[in-house]
$ cat entry-v5.cif   # mmCIF, C-alpha atoms
data_start
loop_
_atom_site.label_atom_id
_atom_site.label_comp_id
_atom_site.auth_asym_id
_atom_site.auth_seq_id
_atom_site.Cartn_x
_atom_site.Cartn_y
_atom_site.Cartn_z
CA MET A 599 -60.73 -33.43 32.40
CA PRO A 600 -61.16 -36.34 29.96
CA THR A 601 -64.42 -37.18 28.25
CA LEU A 602 -66.44 -40.29 29.11
CA LEU A 603 -68.86 -41.95 26.72
CA ILE A 604 -71.40 -44.58 27.78
CA LYS A 605 -72.85 -46.25 24.69
CA ASN A 606 -75.47 -48.90 23.90
CA ILE A 607 -77.39 -48.08 27.09
CA LYS A 608 -80.47 -50.30 27.24
CA THR A 609 -82.41 -47.66 29.23
CA LEU A 610 -81.22 -44.23 30.33
CA VAL A 611 -83.30 -43.43 33.43
CA GLN A 612 -84.47 -39.99 34.61
CA ALA A 613 -83.20 -38.36 31.40
CA GLU A 614 -84.39 -34.77 31.15
CA THR A 615 -84.08 -32.24 28.35
CA ALA A 616 -86.06 -29.67 30.36
CA PRO A 617 -84.88 -30.14 33.98
CA ARG A 618 -87.51 -30.09 36.72
CA SER A 619 -86.92 -29.02 40.31
CA LEU A 620 -89.12 -31.79 41.71
CA VAL A 621 -91.98 -34.04 40.70
CA LYS A 622 -95.25 -34.56 42.55
CA GLY A 623 -98.54 -36.41 42.50
CA ALA A 624 -99.49 -38.20 39.31
CA GLU A 625 -96.35 -36.86 37.60
CA MET A 626 -94.26 -39.18 39.77
CA ALA A 627 -95.38 -42.19 37.72
CA ALA A 628 -94.13 -40.57 34.49
CA LEU A 629 -90.42 -41.32 34.74
CA PRO A 630 -88.56 -39.97 31.70
CA VAL A 631 -86.45 -42.70 30.07
CA LEU A 632 -84.62 -43.15 26.77
CA HIS A 633 -83.99 -46.56 25.27
CA ASP A 634 -80.95 -47.56 23.17
CA ALA A 635 -79.11 -44.45 24.22
CA TYR A 636 -75.69 -42.90 24.74
CA LEU A 637 -74.47 -40.53 27.44
CA LEU A 638 -71.45 -38.23 27.10
CA ALA A 639 -69.72 -36.61 30.08
CA LYS A 640 -67.18 -33.80 29.76
CA ASP A 641 -65.33 -31.81 32.43
CA GLY A 642 -67.16 -33.70 35.18
CA ARG A 643 -70.61 -32.79 33.93
CA ILE A 644 -73.20 -34.32 31.66
CA HIS A 645 -72.54 -32.91 28.20
CA SER A 646 -75.24 -34.64 26.17
CA PHE A 647 -77.31 -37.76 25.68
CA GLY A 648 -79.49 -39.15 22.94
CA PRO A 649 -80.38 -42.14 20.76
CA MET A 650 -77.54 -44.41 19.66
CA PRO A 651 -77.76 -43.41 15.97
CA GLU A 652 -76.58 -39.95 17.13
CA CYS A 653 -73.78 -41.29 19.35
CA PRO A 654 -70.38 -39.57 19.10
CA GLU A 655 -67.71 -41.74 17.53
CA THR A 656 -65.17 -41.58 20.31
CA ALA A 657 -64.15 -40.22 23.72
CA ASP A 658 -61.18 -40.58 26.05
CA THR A 659 -62.95 -43.42 27.86
CA VAL A 660 -65.73 -45.51 26.33
CA ILE A 661 -67.93 -47.96 28.26
CA ASP A 662 -70.26 -50.35 26.44
CA ALA A 663 -73.45 -50.65 28.53
CA SER A 664 -75.20 -53.23 26.36
CA GLY A 665 -78.12 -54.78 28.25
CA ARG A 666 -77.58 -52.38 31.14
CA MET A 667 -79.40 -49.37 32.52
CA VAL A 668 -77.99 -46.04 33.67
CA PHE A 669 -79.51 -44.27 36.68
CA PRO A 670 -78.63 -40.91 38.16
CA SER A 671 -76.95 -41.38 41.53
CA TRP A 672 -79.28 -41.83 44.48
CA CYS A 673 -79.77 -38.69 46.59
CA ASP A 674 -80.07 -39.69 50.25
CA SER A 675 -81.43 -36.70 52.16
CA HIS A 676 -81.66 -38.18 55.70
CA THR A 677 -78.82 -40.06 57.42
CA HIS A 678 -76.99 -40.29 60.75
CA ILE A 679 -73.78 -42.02 59.60
CA VAL A 680 -71.49 -40.43 62.21
CA PHE A 681 -71.80 -42.70 65.24
CA ALA A 682 -69.50 -44.56 67.61
CA ALA A 683 -70.98 -48.06 67.77
CA SER A 684 -73.74 -50.34 66.56
CA ARG A 685 -76.75 -51.20 68.76
CA GLU A 686 -77.60 -54.80 67.98
CA GLU A 687 -78.31 -55.50 71.67
CA GLU A 688 -81.38 -53.25 71.35
CA PHE A 689 -82.36 -55.17 68.24
CA VAL A 690 -82.49 -58.30 70.39
CA SER A 691 -84.45 -56.44 73.10
CA ARG A 692 -87.09 -55.53 70.52
CA ILE A 693 -87.29 -59.16 69.43
CA ARG A 694 -87.96 -59.97 73.09
CA GLY A 695 -90.87 -57.54 73.11
CA LEU A 696 -89.62 -54.11 74.19
CA SER A 697 -90.71 -51.12 72.12
CA TYR A 698 -88.41 -48.40 70.76
CA GLU A 699 -89.83 -45.98 73.35
CA GLU A 700 -89.39 -48.46 76.23
CA ILE A 701 -85.77 -49.04 75.27
CA ALA A 702 -85.23 -45.26 75.19
CA GLN A 703 -86.82 -44.88 78.63
CA GLN A 704 -84.33 -47.44 79.99
CA GLY A 705 -81.39 -45.37 78.77
CA GLY A 706 -81.06 -47.06 75.39
CA GLY A 707 -81.74 -45.61 71.98
CA ILE A 708 -80.35 -42.18 71.21
CA LEU A 709 -78.97 -41.77 74.74
CA ASN A 710 -77.03 -45.02 74.32
CA SER A 711 -75.42 -43.69 71.13
CA ALA A 712 -74.73 -40.37 72.87
CA ARG A 713 -72.80 -42.04 75.72
CA ARG A 714 -70.65 -43.97 73.29
CA LEU A 715 -70.06 -41.01 71.03
CA GLN A 716 -69.01 -38.73 73.88
CA ALA A 717 -66.32 -41.26 74.75
CA ALA A 718 -65.04 -41.58 71.19
CA SER A 719 -62.35 -39.40 69.65
CA GLU A 720 -62.94 -37.28 66.58
CA ASP A 721 -60.50 -39.45 64.63
CA GLU A 722 -62.33 -42.64 65.62
CA LEU A 723 -65.66 -41.14 64.55
CA PHE A 724 -64.19 -39.99 61.26
CA GLU A 725 -62.73 -43.40 60.44
CA GLY A 726 -66.06 -45.14 61.04
CA ALA A 727 -68.09 -42.57 59.13
CA TRP A 728 -65.61 -42.59 56.24
CA LYS A 729 -66.09 -46.36 55.82
CA ARG A 730 -69.87 -45.95 55.88
CA LEU A 731 -69.68 -43.14 53.34
CA GLN A 732 -67.66 -45.34 50.98
CA GLU A 733 -70.15 -48.14 51.54
CA VAL A 734 -73.17 -46.05 50.52
CA ILE A 735 -71.30 -44.66 47.51
CA SER A 736 -70.71 -48.26 46.39
CA TYR A 737 -74.51 -48.75 46.52
CA GLY A 738 -75.01 -45.87 44.08
CA THR A 739 -75.51 -42.86 46.38
CA GLY A 740 -74.09 -39.68 44.89
CA ALA A 741 -75.31 -36.96 47.29
CA ILE A 742 -76.02 -37.23 51.01
CA GLU A 743 -77.16 -35.37 54.11
CA ILE A 744 -75.59 -36.22 57.48
CA LYS A 745 -76.97 -35.18 60.87
CA SER A 746 -75.38 -34.67 64.26
CA GLY A 747 -77.55 -35.52 67.27
CA TYR A 748 -75.61 -38.23 69.10
CA GLY A 749 -73.54 -35.66 70.99
CA LEU A 750 -76.22 -33.99 73.13
CA SER A 751 -73.63 -31.68 74.69
CA LEU A 752 -71.94 -28.59 73.30
CA GLU A 753 -68.56 -30.28 72.99
CA SER A 754 -69.82 -33.52 71.45
CA GLU A 755 -72.27 -31.93 69.01
CA LEU A 756 -69.44 -29.74 67.72
CA LYS A 757 -67.23 -32.84 67.54
CA MET A 758 -69.79 -34.60 65.33
CA LEU A 759 -70.21 -31.61 63.06
CA ARG A 760 -66.43 -31.23 62.71
CA VAL A 761 -66.30 -34.87 61.61
CA ILE A 762 -68.93 -34.11 58.97
CA ARG A 763 -66.84 -31.11 57.86
CA ARG A 764 -63.82 -33.40 57.50
CA LEU A 765 -65.93 -35.79 55.44
CA LYS A 766 -67.04 -32.92 53.21
CA ALA A 767 -63.39 -32.03 52.56
CA VAL A 768 -62.45 -35.47 51.23
CA SER A 769 -65.75 -36.86 49.94
CA PRO A 770 -66.17 -37.47 46.20
CA ILE A 771 -69.90 -36.71 46.64
CA PRO A 772 -71.54 -33.54 48.03
CA ILE A 773 -72.61 -33.60 51.68
CA LYS A 774 -75.10 -31.41 53.52
CA ALA A 775 -74.64 -31.11 57.31
CA THR A 776 -77.55 -30.84 59.73
CA PHE A 777 -77.33 -29.79 63.39
CA LEU A 778 -79.61 -32.05 65.48
CA GLY A 779 -78.80 -31.06 69.04
CA ALA A 780 -82.53 -31.47 69.76
CA HIS A 781 -82.47 -35.22 69.08
CA ALA A 782 -83.28 -36.18 72.68
CA VAL A 783 -83.06 -34.73 76.18
CA PRO A 784 -79.87 -36.02 77.87
CA ALA A 785 -80.32 -38.06 81.05
CA GLU A 786 -78.72 -35.36 83.21
CA TYR A 787 -81.35 -32.87 81.98
CA LYS A 788 -84.31 -35.21 82.47
CA GLU A 789 -85.78 -33.10 85.29
CA ARG A 790 -84.72 -29.76 83.82
CA ARG A 791 -85.38 -30.01 80.10
CA GLU A 792 -85.83 -26.26 79.84
CA ASP A 793 -82.15 -25.87 80.73
CA TYR A 794 -81.22 -28.17 77.84
CA ILE A 795 -83.37 -26.23 75.39
CA SER A 796 -81.68 -23.07 76.61
CA LEU A 797 -78.29 -24.70 76.04
CA ILE A 798 -79.27 -25.51 72.44
CA ILE A 799 -80.53 -22.00 71.73
CA LYS A 800 -78.01 -19.90 73.63
CA GLU A 801 -74.80 -21.91 73.31
CA MET A 802 -74.96 -24.70 70.72
CA LEU A 803 -76.55 -22.76 67.86
CA PRO A 804 -74.21 -19.74 68.13
CA ALA A 805 -71.16 -22.05 68.29
CA VAL A 806 -72.32 -24.13 65.31
CA VAL A 807 -72.89 -21.02 63.22
CA ALA A 808 -69.64 -19.37 64.33
CA GLU A 809 -67.71 -22.33 62.88
CA ASN A 810 -70.01 -22.61 59.84
CA LEU A 811 -70.60 -26.27 60.66
CA ALA A 812 -74.20 -26.80 59.50
CA ASP A 813 -76.48 -26.18 56.55
CA TYR A 814 -79.70 -27.04 58.41
CA CYS A 815 -81.16 -27.39 61.90
CA ASP A 816 -83.27 -30.40 62.85
CA VAL A 817 -85.51 -31.22 65.84
CA PHE A 818 -87.02 -34.58 66.82
CA CYS A 819 -90.61 -33.35 67.28
CA ASP A 820 -92.48 -36.40 68.53
CA GLN A 821 -94.03 -37.97 71.59
CA GLY A 822 -91.43 -38.58 74.27
CA PHE A 823 -89.01 -36.17 72.65
CA PHE A 824 -89.63 -32.45 71.83
CA THR A 825 -93.02 -30.76 71.83
CA VAL A 826 -94.44 -28.58 69.08
CA GLU A 827 -93.87 -25.50 71.24
CA GLU A 828 -90.25 -26.44 72.01
CA THR A 829 -89.63 -27.28 68.38
CA GLY A 830 -90.93 -23.89 67.28
CA ARG A 831 -88.63 -22.06 69.69
CA ILE A 832 -85.55 -23.98 68.58
CA LEU A 833 -86.29 -23.56 64.88
CA ASP A 834 -87.05 -19.86 65.33
CA ALA A 835 -83.66 -19.44 66.98
CA ALA A 836 -82.00 -21.41 64.18
CA ALA A 837 -83.67 -19.20 61.57
CA GLN A 838 -82.29 -16.12 63.30
CA HIS A 839 -78.84 -17.65 62.79
CA GLY A 840 -79.56 -18.33 59.12
CA LEU A 841 -80.15 -22.10 59.41
CA LYS A 842 -83.09 -23.58 57.54
CA ALA A 843 -85.22 -26.28 59.14
CA LYS A 844 -85.42 -30.02 58.41
CA ILE A 845 -87.25 -31.97 61.11
CA HIS A 846 -88.16 -35.43 62.36
CA ALA A 847 -91.95 -35.60 62.74
CA ASN A 848 -94.79 -38.06 63.42
CA GLU A 849 -92.66 -41.19 63.66
CA LEU A 850 -94.31 -42.28 66.92
CA GLY A 851 -97.73 -40.62 66.80
CA TYR A 852 -99.95 -37.78 65.60
CA THR A 853 -98.04 -35.05 67.41
CA GLY A 854 -98.42 -31.92 65.30
CA GLY A 855 -94.82 -32.24 64.18
CA VAL A 856 -95.67 -31.97 60.49
CA GLN A 857 -97.52 -28.72 61.05
CA ALA A 858 -94.68 -27.43 63.26
CA GLY A 859 -92.19 -28.07 60.47
CA ILE A 860 -94.39 -26.36 57.91
CA ALA A 861 -94.83 -23.35 60.22
CA ALA A 862 -91.04 -23.09 60.44
CA GLY A 863 -90.68 -23.19 56.65
CA ALA A 864 -88.87 -26.53 56.79
CA ILE A 865 -87.29 -27.83 53.59
CA SER A 866 -88.63 -31.24 54.58
CA VAL A 867 -90.46 -33.06 57.35
CA ASP A 868 -89.13 -36.58 57.71
CA HIS A 869 -90.53 -39.94 58.89
CA LEU A 870 -94.34 -39.29 58.81
CA GLU A 871 -95.32 -42.83 59.71
CA TYR A 872 -98.37 -41.26 61.38
CA THR A 873 -99.87 -39.03 58.71
CA GLY A 874 -103.58 -38.32 58.28
CA ASP A 875 -105.79 -36.00 56.27
CA ALA A 876 -104.84 -32.93 58.33
CA GLU A 877 -101.12 -33.48 57.73
CA ILE A 878 -101.60 -34.14 54.02
CA GLU A 879 -103.72 -31.01 53.60
CA ALA A 880 -101.15 -28.91 55.48
CA LEU A 881 -98.36 -30.24 53.26
CA LEU A 882 -100.38 -29.49 50.12
CA GLN A 883 -100.63 -25.86 51.22
CA SER A 884 -96.85 -25.59 51.70
CA ASP A 885 -93.53 -26.01 49.93
CA THR A 886 -92.31 -28.47 52.57
CA LEU A 887 -91.39 -31.92 51.26
CA PRO A 888 -92.60 -35.14 52.94
CA THR A 889 -89.60 -37.47 53.32
CA LEU A 890 -90.40 -41.11 54.03
CA LEU A 891 -88.00 -43.62 55.60
CA PRO A 892 -89.43 -47.10 54.97
CA SER A 893 -86.37 -49.01 56.18
CA CYS A 894 -86.93 -47.47 59.63
CA ALA A 895 -90.53 -48.73 59.68
CA PHE A 896 -89.30 -52.12 58.44
CA PHE A 897 -86.60 -52.42 61.12
CA LEU A 898 -88.70 -51.16 64.05
CA GLY A 899 -91.92 -52.89 63.02
CA ILE A 900 -93.93 -49.67 63.09
CA PRO A 901 -96.51 -48.49 60.55
CA TYR A 902 -95.31 -47.43 57.13
CA ALA A 903 -96.02 -43.88 56.01
CA PRO A 904 -99.10 -43.66 53.73
CA ALA A 905 -97.13 -42.93 50.56
CA ARG A 906 -99.95 -43.99 48.24
CA ARG A 907 -102.39 -41.52 49.81
CA MET A 908 -99.78 -38.76 49.72
CA ILE A 909 -98.99 -39.21 46.04
CA ASP A 910 -102.66 -39.58 45.09
CA ALA A 911 -103.30 -36.29 46.93
CA GLY A 912 -100.66 -34.59 44.79
CA LEU A 913 -97.61 -34.47 47.08
CA PRO A 914 -93.92 -34.72 46.05
CA VAL A 915 -92.77 -37.70 48.11
CA VAL A 916 -89.08 -38.14 48.97
CA LEU A 917 -87.37 -41.39 50.00
CA ALA A 918 -84.24 -41.65 52.17
CA THR A 919 -82.44 -44.33 54.20
CA ASP A 920 -82.30 -42.86 57.75
CA PHE A 921 -79.02 -44.81 58.01
CA ASN A 922 -78.32 -44.95 61.76
CA PRO A 923 -77.32 -47.53 64.39
CA GLY A 924 -80.65 -47.75 66.20
CA SER A 925 -83.59 -47.72 63.83
CA SER A 926 -82.23 -48.18 60.30
CA PRO A 927 -78.75 -49.74 60.14
CA SER A 928 -78.63 -49.75 56.34
CA GLY A 929 -77.62 -47.18 53.77
CA ARG A 930 -78.73 -49.15 50.72
CA MET A 931 -81.06 -46.88 48.74
CA SER A 932 -82.12 -49.67 46.40
CA LEU A 933 -83.60 -51.46 49.45
CA VAL A 934 -85.49 -48.29 50.37
CA VAL A 935 -86.88 -48.17 46.82
CA ALA A 936 -87.90 -51.84 47.08
CA LEU A 937 -89.61 -51.33 50.45
CA ALA A 938 -91.44 -48.31 49.07
CA CYS A 939 -92.84 -50.52 46.33
CA ILE A 940 -93.50 -53.62 48.42
CA LYS A 941 -94.81 -52.03 51.61
CA MET A 942 -96.03 -48.57 50.59
CA LYS A 943 -97.43 -49.49 47.16
CA MET A 944 -95.36 -46.95 45.26
CA LEU A 945 -94.80 -47.77 41.61
CA PRO A 946 -91.15 -48.38 40.68
CA GLU A 947 -91.18 -45.17 38.65
CA GLU A 948 -92.52 -43.19 41.61
CA ALA A 949 -89.98 -44.66 44.01
CA ILE A 950 -87.08 -43.90 41.67
CA GLN A 951 -88.20 -40.29 41.26
CA ALA A 952 -88.52 -40.00 45.07
CA ALA A 953 -84.99 -41.36 45.58
CA THR A 954 -83.30 -39.22 42.92
CA LEU A 955 -84.77 -35.87 41.87
CA ASN A 956 -86.98 -35.30 44.91
CA GLY A 957 -84.15 -36.40 47.18
CA ALA A 958 -81.91 -33.83 45.54
CA ARG A 959 -84.57 -31.16 46.07
CA ALA A 960 -84.75 -32.08 49.78
CA MET A 961 -81.06 -31.10 50.00
CA GLU A 962 -81.43 -28.10 47.66
CA MET A 963 -79.17 -29.85 45.13
CA GLU A 964 -81.68 -30.24 42.31
CA ASP A 965 -79.67 -27.94 40.03
CA THR A 966 -76.71 -30.34 40.04
CA HIS A 967 -78.02 -33.78 41.02
CA GLY A 968 -81.06 -36.04 40.85
CA SER A 969 -81.44 -36.53 37.12
CA ILE A 970 -79.58 -37.01 33.86
CA ALA A 971 -79.58 -33.53 32.32
CA PRO A 972 -76.98 -31.47 30.42
CA GLY A 973 -74.95 -29.35 32.82
CA LYS A 974 -75.63 -31.48 35.90
CA ALA A 975 -72.88 -33.43 37.64
CA ALA A 976 -71.96 -36.56 35.71
CA SER A 977 -72.76 -38.76 38.70
CA PHE A 978 -74.63 -41.95 37.89
CA PHE A 979 -74.41 -45.71 38.08
CA ILE A 980 -74.54 -48.45 35.48
CA THR A 981 -76.46 -51.57 36.48
CA GLN A 982 -75.85 -55.21 35.88
CA PRO A 983 -77.82 -56.46 32.86
CA MET A 984 -81.52 -56.06 33.78
CA PRO A 985 -84.70 -57.11 31.94
CA SER A 986 -86.76 -54.09 33.03
CA LEU A 987 -86.92 -51.05 35.30
CA ALA A 988 -89.17 -52.88 37.77
CA TYR A 989 -86.49 -55.55 38.19
CA LEU A 990 -84.50 -53.22 40.46
CA PRO A 991 -87.05 -53.18 43.35
CA TYR A 992 -88.25 -56.70 42.46
CA ALA A 993 -84.79 -58.24 42.99
CA PHE A 994 -84.44 -56.52 46.37
CA GLY A 995 -81.66 -58.77 47.64
CA THR A 996 -79.40 -58.47 44.60
CA ASP A 997 -76.69 -55.83 44.25
CA LEU A 998 -77.43 -54.58 40.75
CA VAL A 999 -74.89 -51.71 40.73
CA GLU A 1000 -72.01 -52.62 38.42
CA THR A 1001 -70.17 -49.34 37.79
CA ILE A 1002 -70.17 -46.05 39.72
CA VAL A 1003 -69.38 -42.79 37.92
CA LEU A 1004 -68.88 -39.65 40.01
CA ASN A 1005 -68.20 -36.28 38.39
CA GLY A 1006 -67.39 -37.94 35.10
CA GLN A 1007 -64.91 -40.46 36.47
CA VAL A 1008 -65.29 -44.15 37.21
CA TRP A 1009 -65.08 -44.58 40.99
CA SER A 1010 -63.82 -47.40 43.16
CA ALA A 1011 -63.28 -47.46 46.91
CA SER A 1012 -59.54 -47.95 46.41
CA ASP A 1013 -59.37 -44.57 44.65
CA SER A 1014 -60.54 -42.69 47.73
CA ASN A 1015 -57.84 -41.15 49.87
CA LYS A 1016 -58.69 -39.29 53.06
#

$ encode --input "entry-v5.cif" --output "structure tokens"
Amino acid sequence: MPTLLIKNIKTLVQAETAPRSLVKGAEMAALPVLHDAYLLAKDGRIHSFGPMPECPETADTVIDASGRMVFPSWCDSHTHIVFAASREEEFVSRIRGLSYEEIAQQGGGILNSARRLQAASEDELFEGAWKRLQEVISYGTGAIEIKSGYGLSLESELKMLRVIRRLKAVSPIPIKATFLGAHAVPAEYKERREDYISLIIKEMLPAVVAENLADYCDVFCDQGFFTVEETGRILDAAAQHGLKAKIHANELGYTGGVQAGIAAGAISVDHLEYTGDAEIEALLQSDTLPTLLPSCAFFLGIPYAPARRMIDAGLPVVLATDFNPGSSPSGRMSLVVALACIKMKMLPEEAIQAATLNGARAMEMEDTHGSIAPGKAASFFITQPMPSLAYLPYAFGTDLVETIVLNGQVWSASDSNK
């Protein structure tokens, strides 16, 4: 594979000589950067970087990044990009005064997406998800997690996960798949929810594992969805099948979801809009990562997670998009970083660490992604000319990504063939 040299980099961001697995607390504000730098990629991996006076003379491809910054690719650890249709009619209903929970109770929300997905073919789902995947790559995302959860039946959950497997096979970026059969209780099981939980445990999980379709198992543990006790049973069953936990928790209230995820040894607990001292203390005593989804809070008009308190307490905060048709119809990680700064009072350095290295850790990809370090995948993006690091979240409406490099090669959407 040819060599790629990026020279005259104004600022090389998240550049590590001693790679870390994650960063937490006060360390999150100390973002390692190198000014007036070069970066050399070889055989798809980062070979070396350093100050321009030490820059190699040549390479097969040379890019002059004068005035520009280089960031490691964003690592988006929470998405739902396999879906059949958008839900802008619910957006209008919320404008008219209905809450997310009220819309769900009327058959909207997740159940709305489930009806549409069950009627869609695998090929139709793949085509839509493939376009969304290319879209988020164009925004700078270089590693992603995708959940099922809009199937809510054995056949349709497997259909979603097979679509994710097809995406994995053709994607230029790594994908982690998460089984989320416990996203909601289907309408036909409304009066017999125990039967649906039994279906998840006795039929869905064994089928998912038999086809090796998932890396993780997720449960929506929140008011109006699955209880702490139900969540524990599902995650225990998943663990017996070798699936690690990643759960939705405390989006709609103080429900014990964070503690349930920690008890299950979850890699991460995600959402956390309702997080108090008890949740923070429980997280501090665990290895579970708190993943925050500010674009969901922005879109639904619900409280933002207390990121400032979490970081000040010493936690390793993660940021992700929650890209989905109902509560966060955007996969732009730079917007998530901006919202984290504007609405959750994270410093730009903290937000960038949360969206790169900590995001990689939330997908167990920190050895290959999340920072600029020798031996890691040469996946990064070059910005438009920028005056400072803080300009990225400051100019929240501007697309500042100029060039995408994935595995040592310049990427464009036209290069991608299914």

$ resolve_selection --input "entry-v5.cif" --expression "the PyMOL selection byres ((chain A and resi 963-967) around 9)" --output "PyMOL selection string"
chain A and resi 617-620+643+670-673+740-741+772+954-962+968-971+973-977

$ atom_distance --input "entry-v5.cif" --atom1 "CA of Ile1002 (chain A)" --atom2 "CA of Gly665 (chain A)"
16.5 Å

$ axis_aligned_box --input "entry-v5.cif" --around "region 812-817 of chain A" --padding-each-side "6 Å" --output "AutoDock Vina command-line options"
--center_x -79.9 --center_y -28.7 --center_z 61.2 --size_x 23.3 --size_y 17.0 --size_z 21.3

$ closest_atom_pairs --input "entry-v5.cif" --of "region 879-949 of chain A" --to "region 855-863 of chain A" --cutoff "8 Å" --atoms "only C-alpha atoms" --output "Markdown table"
| residue | atom | partner | partner_atom | distance |
| --- | --- | --- | --- | --- |
| A:Ala880 | CA | A:Gln857 | CA | 6.7 |
| A:Leu881 | CA | A:Ile860 | CA | 7.2 |
| A:Ser884 | CA | A:Ile860 | CA | 6.7 |
| A:Asp885 | CA | A:Gly863 | CA | 7.8 |
| A:Thr886 | CA | A:Ile860 | CA | 6.1 |

$ resolve_selection --input "entry-v5.cif" --expression "the PyMOL selection byres ((chain A and resi 690-701) around 10)" --output "ChimeraX atom specification"
/A:685-689,702-710,821-823,850,897-900,924-925

$ residues_near_point --input "entry-v5.cif" --point "(-77.7, -32.6, 65.3)" --cutoff "12 Å" --atoms "all atoms listed in the file" --output "ChimeraX atom specification"
/A:676-681,708,712,743-752,754-760,762,775-782,798,802-803,806,811-818,843-846

$ resolve_selection --input "entry-v5.cif" --expression "the PyMOL selection byres ((chain A and resi 828) around 10)" --output "PDB file with C-alpha atoms, keeping the file's coordinate frame"
ATOM      1  CA  ALA A 780     -82.530 -31.470  69.760  1.00  0.00           C
ATOM      2  CA  GLU A 792     -85.830 -26.260  79.840  1.00  0.00           C
ATOM      3  CA  ILE A 795     -83.370 -26.230  75.390  1.00  0.00           C
ATOM      4  CA  VAL A 817     -85.510 -31.220  65.840  1.00  0.00           C
ATOM      5  CA  CYS A 819     -90.610 -33.350  67.280  1.00  0.00           C
ATOM      6  CA  PHE A 823     -89.010 -36.170  72.650  1.00  0.00           C
ATOM      7  CA  PHE A 824     -89.630 -32.450  71.830  1.00  0.00           C
ATOM      8  CA  THR A 825     -93.020 -30.760  71.830  1.00  0.00           C
ATOM      9  CA  VAL A 826     -94.440 -28.580  69.080  1.00  0.00           C
ATOM     10  CA  GLU A 827     -93.870 -25.500  71.240  1.00  0.00           C
ATOM     11  CA  THR A 829     -89.630 -27.280  68.380  1.00  0.00           C
ATOM     12  CA  GLY A 830     -90.930 -23.890  67.280  1.00  0.00           C
ATOM     13  CA  ARG A 831     -88.630 -22.060  69.690  1.00  0.00           C
ATOM     14  CA  ILE A 832     -85.550 -23.980  68.580  1.00  0.00           C
ATOM     15  CA  LEU A 833     -86.290 -23.560  64.880  1.00  0.00           C
ATOM     16  CA  ASP A 834     -87.050 -19.860  65.330  1.00  0.00           C
ATOM     17  CA  ALA A 858     -94.680 -27.430  63.260  1.00  0.00           C
TER      18      ALA A 858
END

$ closest_residue --input "entry-v5.cif" --among "A:Pro991, A:Pro892, A:Pro600, A:Pro904" --to "Leu917 (chain A)" --atoms "all atoms listed in the file"
A:Pro892

$ closest_residue --input "entry-v5.cif" --among "A:Ile773, A:Leu841, A:Ala835, A:Val734" --to "Leu797 (chain A)" --atoms "all atoms listed in the file"
A:Ala835

$ closest_atom_pairs --input "entry-v5.cif" --of "region 868-976 of chain A" --to "region 720-729 of chain A" --cutoff "12 Å" --atoms "all atoms listed in the file" --output "Markdown table"
| residue | atom | partner | partner_atom | distance |
| --- | --- | --- | --- | --- |
| A:Phe921 | CA | A:Ala727 | CA | 11.2 |
| A:Asn922 | CA | A:Ala727 | CA | 10.8 |
| A:Pro923 | CA | A:Ala727 | CA | 11.7 |
| A:Gly929 | CA | A:Lys729 | CA | 11.7 |

$ residues_around --input "entry-v5.cif" --residues "Tyr989 (chain A)" --least-positions-apart "2" --cutoff "12 Å" --atoms "all atoms listed in the file" --output "PDB file with C-alpha atoms, in the coordinates of the input"
ATOM      1  CA  ARG A 666     -77.580 -52.380  31.140  1.00  0.00           C
ATOM      2  CA  MET A 667     -79.400 -49.370  32.520  1.00  0.00           C
ATOM      3  CA  SER A 932     -82.120 -49.670  46.400  1.00  0.00           C
ATOM      4  CA  VAL A 935     -86.880 -48.170  46.820  1.00  0.00           C
ATOM      5  CA  ALA A 936     -87.900 -51.840  47.080  1.00  0.00           C
ATOM      6  CA  CYS A 939     -92.840 -50.520  46.330  1.00  0.00           C
ATOM      7  CA  LEU A 945     -94.800 -47.770  41.610  1.00  0.00           C
ATOM      8  CA  PRO A 946     -91.150 -48.380  40.680  1.00  0.00           C
ATOM      9  CA  GLU A 947     -91.180 -45.170  38.650  1.00  0.00           C
ATOM     10  CA  THR A 981     -76.460 -51.570  36.480  1.00  0.00           C
ATOM     11  CA  GLN A 982     -75.850 -55.210  35.880  1.00  0.00           C
ATOM     12  CA  PRO A 983     -77.820 -56.460  32.860  1.00  0.00           C
ATOM     13  CA  MET A 984     -81.520 -56.060  33.780  1.00  0.00           C
ATOM     14  CA  PRO A 985     -84.700 -57.110  31.940  1.00  0.00           C
ATOM     15  CA  SER A 986     -86.760 -54.090  33.030  1.00  0.00           C
ATOM     16  CA  LEU A 987     -86.920 -51.050  35.300  1.00  0.00           C
ATOM     17  CA  PRO A 991     -87.050 -53.180  43.350  1.00  0.00           C
ATOM     18  CA  TYR A 992     -88.250 -56.700  42.460  1.00  0.00           C
ATOM     19  CA  ALA A 993     -84.790 -58.240  42.990  1.00  0.00           C
ATOM     20  CA  PHE A 994     -84.440 -56.520  46.370  1.00  0.00           C
ATOM     21  CA  GLY A 995     -81.660 -58.770  47.640  1.00  0.00           C
ATOM     22  CA  THR A 996     -79.400 -58.470  44.600  1.00  0.00           C
ATOM     23  CA  ASP A 997     -76.690 -55.830  44.250  1.00  0.00           C
ATOM     24  CA  LEU A 998     -77.430 -54.580  40.750  1.00  0.00           C
TER      25      LEU A 998
END

$ residues_around --input "entry-v5.cif" --residues "Thr919 (chain A)" --least-positions-apart "6" --cutoff "8 Å" --atoms "only C-alpha atoms" --output "ChimeraX atom specification"
/A:674-677,891-894,926,928-931,934

$ atom_distance --input "entry-v5.cif" --atom1 "CA of Gly912 (chain A)" --atom2 "CA of Ala864 (chain A)"
18.7 Å

$ atom_distance --input "entry-v5.cif" --atom1 "CA of Glu948 (chain A)" --atom2 "CA of Ala628 (chain A)"
7.8 Å
